[in-house]
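Here's work29.txt, which has compact mmCIF, C-alpha atoms:
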# COMPACT_ATOMS: atom_id res chain seq x y z
CA MET A 1402 -48.08 63.61 -20.13
CA GLY A 1403 -51.39 64.79 -21.42
CA GLU A 1404 -55.06 64.54 -20.58
CA ARG A 1405 -55.97 61.54 -18.46
CA GLY A 1406 -59.08 59.44 -18.68
CA GLN A 1407 -60.25 56.57 -16.48
CA TYR A 1408 -57.42 54.18 -15.63
CA GLN A 1409 -58.12 50.47 -15.21
CA ARG A 1410 -55.77 47.51 -14.67
CA ILE A 1411 -56.91 43.92 -15.18
CA ILE A 1412 -54.67 40.91 -14.45
CA GLY A 1413 -55.53 37.82 -16.48
CA PRO A 1414 -57.86 37.36 -19.49
CA ASP A 1415 -60.96 39.09 -18.07
CA PHE A 1416 -59.90 42.20 -20.03
CA LEU A 1417 -61.06 40.50 -23.23
CA ALA A 1418 -64.58 41.77 -22.48
CA VAL A 1419 -63.45 45.42 -22.69
CA CYS A 1420 -60.31 45.63 -24.86
CA THR A 1421 -59.91 46.77 -28.45
CA PRO A 1422 -59.82 44.20 -31.28
CA ARG A 1423 -56.08 44.82 -31.81
CA ILE A 1424 -55.27 44.16 -28.15
CA ARG A 1425 -57.38 41.00 -28.32
CA ARG A 1426 -55.40 39.92 -31.40
CA ALA A 1427 -52.07 40.50 -29.60
CA TYR A 1428 -53.25 38.46 -26.62
CA GLU A 1429 -54.67 35.64 -28.75
CA TYR A 1430 -51.39 35.43 -30.68
CA TRP A 1431 -49.37 35.24 -27.42
CA ASP A 1432 -51.84 32.68 -26.00
CA SER A 1433 -51.60 30.50 -29.13
CA LYS A 1434 -47.82 30.30 -28.68
CA ARG A 1435 -47.99 28.98 -25.10
CA LEU A 1436 -48.70 25.40 -26.25
CA GLY A 1437 -49.84 24.31 -22.79
CA ARG A 1438 -47.10 26.24 -20.96
CA SER A 1439 -47.69 29.18 -18.65
CA MET A 1440 -45.99 31.47 -21.19
CA PRO A 1441 -44.21 31.21 -24.54
CA SER A 1442 -40.55 32.00 -25.13
CA ARG A 1443 -39.20 34.81 -27.31
CA ALA A 1444 -38.20 32.14 -29.83
CA ASP A 1445 -41.88 31.21 -30.23
CA ILE A 1446 -42.78 34.71 -31.42
CA ASP A 1447 -42.52 35.22 -35.18
CA PRO A 1448 -42.81 38.89 -36.20
CA ASN A 1449 -43.96 37.82 -39.67
CA GLU A 1450 -47.13 36.40 -38.11
CA ILE A 1451 -48.09 39.71 -36.50
CA ARG A 1452 -46.91 42.29 -39.04
CA ASP A 1453 -50.05 44.39 -38.52
CA LEU A 1454 -49.26 44.70 -34.79
CA LEU A 1455 -45.53 45.46 -35.04
CA PRO A 1456 -45.84 49.27 -34.82
CA GLY A 1457 -47.32 48.86 -31.32
CA ILE A 1458 -45.04 46.06 -30.08
CA ILE A 1459 -42.45 46.61 -27.36
CA LEU A 1460 -39.96 43.96 -26.21
CA ILE A 1461 -38.31 44.37 -22.83
CA ASP A 1462 -35.37 42.41 -21.41
CA VAL A 1463 -35.95 41.35 -17.81
CA ALA A 1464 -33.21 40.73 -15.21
CA HIS A 1465 -34.04 39.74 -11.63
CA ASP A 1466 -32.59 40.35 -8.14
CA PRO A 1467 -33.09 43.26 -8.32
CA LEU A 1468 -35.64 43.67 -11.09
CA ARG A 1469 -34.12 45.52 -14.07
CA LEU A 1470 -35.98 46.22 -17.29
CA THR A 1471 -34.39 47.36 -20.56
CA TYR A 1472 -36.14 48.26 -23.80
CA ARG A 1473 -34.97 45.74 -26.43
CA LEU A 1474 -37.28 46.86 -29.26
CA VAL A 1475 -39.82 49.68 -29.49
CA GLY A 1476 -42.38 49.81 -32.30
CA THR A 1477 -42.83 52.85 -34.50
CA ASP A 1478 -46.21 53.85 -33.00
CA GLU A 1479 -44.64 53.98 -29.56
CA VAL A 1480 -41.62 55.92 -30.86
CA GLU A 1481 -43.97 58.39 -32.59
CA ALA A 1482 -46.08 58.80 -29.45
CA ARG A 1483 -43.03 59.47 -27.26
CA GLY A 1484 -41.16 61.60 -29.75
CA TYR A 1485 -37.99 59.51 -29.36
CA ASP A 1486 -36.77 55.89 -29.43
CA PRO A 1487 -35.88 54.45 -26.01
CA THR A 1488 -34.43 51.19 -27.41
CA GLY A 1489 -31.50 50.04 -25.27
CA ARG A 1490 -32.47 52.30 -22.37
CA ASP A 1491 -33.58 51.53 -18.83
CA VAL A 1492 -37.37 51.28 -18.56
CA LYS A 1493 -37.34 52.85 -15.09
CA GLU A 1494 -35.94 56.06 -16.55
CA HIS A 1495 -38.01 56.05 -19.77
CA VAL A 1496 -41.33 54.44 -18.82
CA PHE A 1497 -44.24 55.85 -20.81
CA ALA A 1498 -47.61 55.57 -19.09
CA VAL A 1499 -50.37 57.55 -17.41
CA THR A 1500 -47.88 57.90 -14.54
CA PRO A 1501 -44.40 56.36 -14.28
CA GLU A 1502 -45.51 54.51 -11.14
CA PHE A 1503 -48.46 52.83 -12.92
CA GLY A 1504 -46.26 51.83 -15.84
CA LEU A 1505 -43.51 50.37 -13.67
CA GLU A 1506 -46.02 48.51 -11.52
CA THR A 1507 -47.60 46.94 -14.62
CA TYR A 1508 -44.22 45.73 -15.89
CA ALA A 1509 -43.23 44.46 -12.43
CA LEU A 1510 -46.46 42.47 -12.05
CA ALA A 1511 -45.94 40.76 -15.41
CA ALA A 1512 -42.22 40.13 -14.80
CA GLU A 1513 -42.40 38.91 -11.21
CA ARG A 1514 -45.67 36.95 -11.34
CA GLY A 1515 -45.57 35.76 -14.95
CA VAL A 1516 -49.09 37.10 -15.61
CA VAL A 1517 -50.73 39.04 -18.42
CA VAL A 1518 -51.54 42.61 -17.39
CA TYR A 1519 -53.97 44.84 -19.28
CA ASP A 1520 -54.05 48.59 -18.73
CA GLN A 1521 -56.89 50.68 -20.08
CA GLU A 1522 -55.37 54.11 -20.07
CA PRO A 1523 -57.12 56.57 -22.35
CA TRP A 1524 -54.82 59.57 -22.40
CA SER A 1525 -53.21 61.88 -24.89
CA ALA A 1526 -49.58 61.21 -25.72
CA PRO A 1527 -47.12 64.09 -26.14
CA ASN A 1528 -47.73 63.69 -29.87
CA PRO A 1529 -51.16 65.34 -30.25
CA ARG A 1530 -52.10 63.02 -33.15
CA LEU A 1531 -52.14 59.96 -30.88
CA CYS A 1532 -54.32 58.88 -27.97
CA GLU A 1533 -53.49 55.60 -26.24
CA VAL A 1534 -56.59 53.50 -25.70
CA GLY A 1535 -55.02 50.54 -23.94
CA SER A 1536 -52.04 48.26 -23.61
CA ILE A 1537 -51.21 44.71 -22.67
CA VAL A 1538 -48.01 43.26 -21.20
CA MET A 1539 -47.37 39.54 -21.72
CA PRO A 1540 -44.53 37.55 -20.12
CA LEU A 1541 -42.03 35.43 -22.08
CA SER A 1542 -39.72 32.79 -20.63
CA SER A 1543 -36.87 30.71 -22.06
CA ASP A 1544 -37.25 28.02 -19.37
CA GLY A 1545 -41.02 28.16 -18.83
CA ARG A 1546 -40.64 29.43 -15.25
CA ILE A 1547 -38.66 32.66 -14.99
CA VAL A 1548 -39.74 35.65 -17.06
CA ASN A 1549 -36.76 36.89 -19.05
CA LYS A 1550 -38.62 39.13 -21.53
CA LEU A 1551 -41.87 41.04 -21.71
CA MET A 1552 -43.84 41.59 -24.88
CA ALA A 1553 -46.12 44.60 -24.71
CA PHE A 1554 -48.61 45.94 -27.21
CA CYS A 1555 -49.96 49.50 -27.10
CA ASP A 1556 -53.00 50.44 -29.14
CA TYR A 1557 -53.41 54.06 -30.23
CA ARG A 1558 -56.27 56.01 -31.74
CA ARG A 1559 -55.06 58.50 -34.36
CA SER A 1560 -56.59 61.90 -34.94
CA ASP A 1561 -55.08 62.65 -38.37
Let's see the structure in the file written out as structure tokens.
Amino acid sequence: MGERGQYQRIIGPDFLAVCTPRIRRAYEYWDSKRLGRSMPSRADIDPNEIRDLLPGIILIDVAHDPLRLTYRLVGTDEVEARGYDPTGRDVKEHVFAVTPEFGLETYALAAERGVVVYDQEPWSAPNPRLCEVGSIVMPLSSDGRIVNKLMAFCDYRRSD
């Protein structure tokens, strides 16, 4: 997968002290849509309000018992970094992270616990022009209790 740097996972908002401004913006947008709830719903998210973040946004459908994750939407930065578009595919078979195990664990934590998970994972993507500097996974719920979607944001540094 490329050169690996120091990996760090933070559950909850303590990551705000170390994340990039774009990851902070993604989190603050998600947080503003909670309106006193533990998490917003997909219906609360308006892509027009976060146009600048859309290339790094990933939406994942979540099914439980057993946990199944499917890519619903994958932003253009993520597609470029991977070299293909995994939309509609099983996350378990197409996870894109420092290691597949780390990536799946991050998604599982967010989906099963309903928590925000930040991964600082400086590593080079297969596309040599991109280096991921961090990502955040934020839960979404239609009923306010059970996570039925995940909204992730990956921030990349370009070396054009």
May I ask which of the residues A:Ala1444, A:Leu1436, A:Leu1474, A:Ile1412 is the closest one to Met1539 (chain A), counting all atoms listed in the file?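 Using all atoms listed in the file, Met1539 (chain A) sits closest to A:Ile1412.
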Using all atoms listed in the file, find the one residue out of A:Pro1540, A:Ile1547, A:Glu1481, A:Ile1411 that sits nearest to Lys1434 (chain A). A:Pro1540
Top pick for closest residue to Arg1546 (chain A), considering A:Arg1438, A:Arg1558, A:Arg1426, A:Lys1493 and counting all atoms listed in the file: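 Closest residue, counting all atoms listed in the file: A:Arg1438.
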Kindly give the distance, in Å, that separates CA of Val1517 (chain A) and CA of Asp1486 (chain A), rounded to a single decimal.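 Taking CA of Val1517 (chain A) as the start and CA of Asp1486 (chain A) as the end point, the length is 24.5 Å.
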Write out as number ranges by chain the residues lying within 9 Å of region 1502-1511 of chain A, counting all atoms listed in the file and excluding same-chain residues fewer than 2 positions away. A: 1410, 1412, 1468, 1470, 1492-1493, 1496-1500, 1513-1520, 1538-1540, 1548, 1551
Taking (-51.8, 41.2, -37.1) in the file's own coordinates, collect the residues within 12 Å, counting only C-alpha atoms, and hand them back as a PyMOL selection string. chain A and resi 1422-1431+1447-1458+1554
For each of A:Gly1413, A:Asp1478, A:Val1419, A:Asp1445, take the minimum atom-to-atom distance to Ser1543 (chain A), counting all atoms listed in the file, then give the residue where this is smallest.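 Answer, going by the shortest atom-to-atom distance: A:Asp1445.
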I'd like the interatomic distance between CA of Glu1479 (chain A) and CA of Ala1553 (chain A), to a tenth of an Å.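 Between CA of Glu1479 (chain A) and CA of Ala1553 (chain A) the gap is 10.7 Å.
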Distance in Å - CA of Met1440 (chain A) versus CA of Pro1467 (chain A): 21.7 Å
Excluding Pro1441 (chain A) and any residue of its chain fewer than 6 positions from it, enumerate the residues within 7 Å of it, using all atoms listed in the file, and give them as a PyMOL selection string. chain A and resi 1434-1435+1541-1542
